[in-house]
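Just below is one structure, and these are the notes that go with it.
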Amino acid sequence: MATKTLTNDDFAKMDISQLQEQLGTSAEGLSHDEAAKRLTQYGTNTIQHGKRQSQLLSFLKNFTSMMAILLWVSGFIAMFAGMVELGIAIWAVNLINGCFSFWQEHAAQKATDSLRKMLPTFVQVTRDGKDMQINADDLVPGDVFAIQAGNAIPADARLTEVSSMQVDESALTGESVPTSKRSTYNHGEGQFAEKNIVYAGTVVTSGTATAIALSTGMQTEFGKIASLTQNEKQTASPLQQELNRLTRQLSLIAIMIGVVFFVLAIFFVHYPVAKSFIFALGMIVAFIPEGLLPTVTLSLAQGTQRMAKKHALLKQLNSVETLGETTVICSDKTGTLTQNQMTINNVWLPTRTYAVTGTGYVNNGHIQFGSKDFDATQDADLSRLLQIALLNNDTQVQAPATSQDTPKILGTPTEAALDILTAKAGLDKATVAKEMPRLAELPFDSDRKRMTTIHPTADGGRVIYTKGALDGMLSISDQILDGGNVRAMTEADRNEINHANEMYAAQGLRALAFAYREVGADSSTLPQDNKAISIDAAERHMIFVGLTIMADPPRPEIYDAVKKCHRANIRIIMVTGDSALTAKSVAVKIGLTSDKVRVITGDELNQMSDDQLREAVKGEVIFARVAPEHKFRIVSTCQANGDIVASTGDGVNDAPALKKADIGIAMGVTGTDVAKDAADMILTDDNFASIVAAIEEGRTVYSNLQKFLLYILNSNVPEAAPSVIFLFTRGLVPLPLTVMQILTVDLGTDMLPALGLGAEQSEPGIMDQPPRPRTAHLLNKSIIWKAFGLYGLVASVISTVAYFFVNKMNGWPGIALASNGDIYREATTMTLAAIVFCQIAAAINCRTQISSVFSIGIFSNHRIWWGIAFEVLLLACLIYIPFLQGLFNTAPLGVSEWIFLVVIPIPLFLLEELRKYLVRQHHAKQ
Ligand code: ATP
């Protein structure tokens, strides 16, 4: 195979046999062995984007933030002022903090990358004469593959058979109007203008085609461009922006406080300048929120990983916060609320109904059944319906590889159900399809909700077979098949058909209608050129045959998921292509709405003004028989009402609504590549319950960040209090906590329990609260009050008492408070230890906002307890290792001091449990 010197343009000009010869392939596709060989030769079909930011650069970034620079300078000044040890300590802390941040960002990046790998794209290829699905990464040049509306084109390829295909090539050419494709070449077509070549990275917006891959991966035109482009810059999420702002503001406040304390120390306490500076430095270090940003990024990334386990893949970390704010979910019905497991229960023909029973199975590529359920040969009308069902059908049911596997469906469940039905009637698909090959097709689209195929008849004419949604089918039918005869359709016929449909729809069943029209060999009503047949020319004056009635049961998890949404004040609006009656019946059955619900159809929606729609979406409402374009309007209207909207979608035409929604949710199993590309989140199981699980996780992540923030702010007040006491007693009370000791709390003992809080499970009742308003701030009044007012103050009192306790044990007030020597060191050590023990209580208390910690299990979060163990161990090291004693100005504590310390968390814990209890009581009363 010598493809290297040939361009796409050369391939475009070849005829098919020349092309096959050139690429060493045939209509049967490549053999498995050849495909494997080519995969090694050409590599996987993947695109590597431009270089990532170098590891070194992203490592260094952690040492050049405003906060880091502040600490570098502080360390330098400390050294300059003769406090070499302190300077080194500050630098060491800055270094550890930077490494820790880098590790957290790296872990977050790894988590996001692994999510990307969970999103494979599949291609339907022909190899060794058999159709099969393979991972798009394994496609090789020479592979014969099928594409249809919604597919991302996996490789540069030459089209060999085309049916009304349009391709959006904007990713490559910038042209947003879709290009029509065909299998032939016209002279004068240049690079990117060849109508019979499709390019990797573009998407099929309508139609179907068969193609032969010319080049894959980095050899494609898209690959060549991608290798030149740099990695797109990830924009910071609103939450990260808020945190950036918060970090900057807190750092500025810290500096201001530092300056004020510096001036006061010099002029009010008459402290020497160098000492005043160190003193002020302590205040700055106490208030700077080190480690805040990377911890938030890591906990968002961990949140997305937990969501992935619950079948919801998020493409961007940003979406975690939006999920928690969701107020409305616009959801499809089929496959999302229901199982998309179509079973045909009845075939309805005018005046008679056939019940369909029995189970089918697939054996050796054929569907087989224990018994034939009904004999189609006895009823000409039924035979006709079954023939339409079999031939107007793109789905294949493949034999399972082993007896334990289930049959594989290449196509849609609706059409697979039709395949099963025809097999139950004893029809062999391969034989019938050979007798009546497909001459042309007008593929299904969710706007007209029909599909048509055209086949030859024995007398040299053609027959048009159409299936689709009943209302549309009735509007294109003016005759009816009745006992083998065709007659004009009367009003009574229409009423009878509609009545039957209503009866089934009221039970939540779906009706699919079938019709046909025969065209003589010399008829002028249909163009002779099959490729030139339009929808309008084919789908008219049809002869109505009958209905198949399918059941699609609700998903078992849906009942609980819907209840959860209602409790969480999240409204669900069903937006479906199915009929109004079926939609309503399913909605009422699963508890989504009451039977008073307003059902608006696509036609009614077209008549409604924007104001009328705005009012309608505020109440209980369902949209039925809508086209995907309507979904965009519904989503926008809800947003105009101030709602935060999550919307599901699977088709090509759903993409605008998915992009418009605050959270676009694509179906991972049945969704098209286009929908997945437009979405923010992909459901790997297509299940509505997974959306609710993701929303719950989104709320949890946000509330964990608040817990984390509360915890780290909690220690700021007791860290600052000693300096305030020192200042306002004009140095009468010697500084109860040194700068080095403040550093150990902020960057040592506090770190691990804080991380543990980021991984806390959902708090009971998190889905019993209304969604968080968009305007809410992460650092809200309640956190400020708790951190600075309540617990900060209590911890300040406790640590100050601890300081005086040591002095008291050593003779104070009989003697003056020690300002140096062993007693002073023991007293400051005790202040430090008391703050650490207050933080132990805080770590446990912060685990819940209003629930009792007992209700989530006191030991259920291991990370917190490991964090606490580390905290105590580190404290012990600081107190008992002689080298560290020197560095941090600490001294060993006695037994009574340890008893004092160990008791501290108990009243703090009980006090917080009491507060939570009172809040719960208050909520219950409301
Ligand atoms: P939802 O919008 O909730 O996913 P849906 O599956 O009914 O529900 P569409 O896929 O847009 O929505 O289909 C709309 C209607 O088109 C169906 O109710 C059915 O009557 C008809 N239909 C579905 N699939 C086909 C098909 N392959 N050929 C012909 N008609 C079809």
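Chain labels follow the order of the structure tokens: the first chain is A, the next B, and so on; residue numbering restarts at 1 in every chain, and ligands are counted from 1 in their shown order.
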(message) 9 Å from ligand 1 is the threshold here; counting only C-alpha atoms and all ligand atoms, which polymer residues fall inside it? Answer as a count of residues only.
(response) 54
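Within region 123-191 of chain A, residues classed as helix (DSSP H, G or I) by DSSP on backbone coordinates are Ala136, Asp137, Asp138, Ser170, Ala171, Leu172 and Thr173 of chain A.
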Let me see the file: selected residues, all heavy atoms, as a PDB file, in the first residue's frame.
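Done, and the output landed in result38.pdb:
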```
ATOM      1  N   ALA A 136     -12.876   3.922  18.162  1.00  0.00           N
ATOM      2  CA  ALA A 136     -12.375   4.760  17.068  1.00  0.00           C
ATOM      3  C   ALA A 136     -10.842   4.836  17.060  1.00  0.00           C
ATOM      4  O   ALA A 136     -10.235   5.035  16.010  1.00  0.00           O
ATOM      5  CB  ALA A 136     -12.968   6.154  17.170  1.00  0.00           C
ATOM      6  N   ASP A 137     -10.215   4.634  18.222  1.00  0.00           N
ATOM      7  CA  ASP A 137      -8.744   4.669  18.288  1.00  0.00           C
ATOM      8  C   ASP A 137      -8.111   3.572  17.436  1.00  0.00           C
ATOM      9  O   ASP A 137      -6.959   3.666  17.029  1.00  0.00           O
ATOM     10  CB  ASP A 137      -8.261   4.467  19.740  1.00  0.00           C
ATOM     11  CG  ASP A 137      -8.610   5.648  20.611  1.00  0.00           C
ATOM     12  OD1 ASP A 137      -9.206   6.598  20.075  1.00  0.00           O
ATOM     13  OD2 ASP A 137      -8.291   5.603  21.806  1.00  0.00           O
ATOM     14  N   ASP A 138      -8.864   2.476  17.204  1.00  0.00           N
ATOM     15  CA  ASP A 138      -8.301   1.320  16.498  1.00  0.00           C
ATOM     16  C   ASP A 138      -8.567   1.345  15.002  1.00  0.00           C
ATOM     17  O   ASP A 138      -8.259   0.376  14.299  1.00  0.00           O
ATOM     18  CB  ASP A 138      -8.866   0.016  17.102  1.00  0.00           C
ATOM     19  CG  ASP A 138      -8.498  -0.125  18.554  1.00  0.00           C
ATOM     20  OD1 ASP A 138      -7.457   0.448  18.937  1.00  0.00           O
ATOM     21  OD2 ASP A 138      -9.246  -0.758  19.315  1.00  0.00           O
ATOM     22  N   SER A 170     -17.083  23.032   9.999  1.00  0.00           N
ATOM     23  CA  SER A 170     -16.620  24.308  10.549  1.00  0.00           C
ATOM     24  C   SER A 170     -15.329  24.170  11.371  1.00  0.00           C
ATOM     25  O   SER A 170     -14.519  25.080  11.395  1.00  0.00           O
ATOM     26  CB  SER A 170     -17.717  24.969  11.371  1.00  0.00           C
ATOM     27  OG  SER A 170     -18.161  24.093  12.351  1.00  0.00           O
ATOM     28  N   ALA A 171     -15.150  22.995  12.012  1.00  0.00           N
ATOM     29  CA  ALA A 171     -13.942  22.816  12.834  1.00  0.00           C
ATOM     30  C   ALA A 171     -12.681  22.934  11.972  1.00  0.00           C
ATOM     31  O   ALA A 171     -11.619  23.302  12.452  1.00  0.00           O
ATOM     32  CB  ALA A 171     -13.975  21.456  13.518  1.00  0.00           C
ATOM     33  N   LEU A 172     -12.809  22.611  10.685  1.00  0.00           N
ATOM     34  CA  LEU A 172     -11.648  22.599   9.797  1.00  0.00           C
ATOM     35  C   LEU A 172     -11.595  23.829   8.897  1.00  0.00           C
ATOM     36  O   LEU A 172     -10.541  24.435   8.704  1.00  0.00           O
ATOM     37  CB  LEU A 172     -11.736  21.330   8.942  1.00  0.00           C
ATOM     38  CG  LEU A 172     -10.433  20.728   8.482  1.00  0.00           C
ATOM     39  CD1 LEU A 172      -9.572  20.363   9.660  1.00  0.00           C
ATOM     40  CD2 LEU A 172     -10.747  19.469   7.667  1.00  0.00           C
ATOM     41  N   THR A 173     -12.776  24.193   8.349  1.00  0.00           N
ATOM     42  CA  THR A 173     -12.773  25.260   7.341  1.00  0.00           C
ATOM     43  C   THR A 173     -13.331  26.575   7.880  1.00  0.00           C
ATOM     44  O   THR A 173     -13.205  27.606   7.228  1.00  0.00           O
ATOM     45  CB  THR A 173     -13.646  24.854   6.140  1.00  0.00           C
ATOM     46  OG1 THR A 173     -14.990  24.673   6.616  1.00  0.00           O
ATOM     47  CG2 THR A 173     -13.166  23.582   5.501  1.00  0.00           C
TER      48      THR A 173
END
```
(message) Excluding region 253-256 of chain A and its own-chain neighbours fewer than 4 positions away, which residues fall within 10 Å of it when counting only C-alpha atoms? Please give them as a PyMOL selection string.
(response) chain A and resi 70+247-249+260-262+280-289
Export, as a PDB file, in the first residue's frame, the selected residues with C-alpha atoms.
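Final output, part-v6.pdb:
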```
ATOM      1  CA  LEU A  70       5.185  37.822  50.354  1.00  0.00           C
ATOM      2  CA  THR A 247      -7.013  34.920  48.698  1.00  0.00           C
ATOM      3  CA  ARG A 248      -5.921  38.326  47.430  1.00  0.00           C
ATOM      4  CA  GLN A 249      -8.306  40.181  49.745  1.00  0.00           C
ATOM      5  CA  VAL A 260      -1.042  48.479  62.009  1.00  0.00           C
ATOM      6  CA  PHE A 261       0.443  46.045  64.540  1.00  0.00           C
ATOM      7  CA  PHE A 262       3.965  47.023  63.513  1.00  0.00           C
ATOM      8  CA  ALA A 280       3.857  42.000  62.703  1.00  0.00           C
ATOM      9  CA  LEU A 281       5.050  39.156  60.524  1.00  0.00           C
ATOM     10  CA  GLY A 282       3.292  36.736  62.837  1.00  0.00           C
ATOM     11  CA  MET A 283       0.008  38.517  62.186  1.00  0.00           C
ATOM     12  CA  ILE A 284       0.510  38.441  58.438  1.00  0.00           C
ATOM     13  CA  VAL A 285       1.328  34.745  58.430  1.00  0.00           C
ATOM     14  CA  ALA A 286      -1.657  34.021  60.668  1.00  0.00           C
ATOM     15  CA  PHE A 287      -4.120  35.599  58.291  1.00  0.00           C
ATOM     16  CA  ILE A 288      -2.807  34.495  54.885  1.00  0.00           C
ATOM     17  CA  PRO A 289      -4.931  31.528  53.714  1.00  0.00           C
TER      18      PRO A 289
END
```
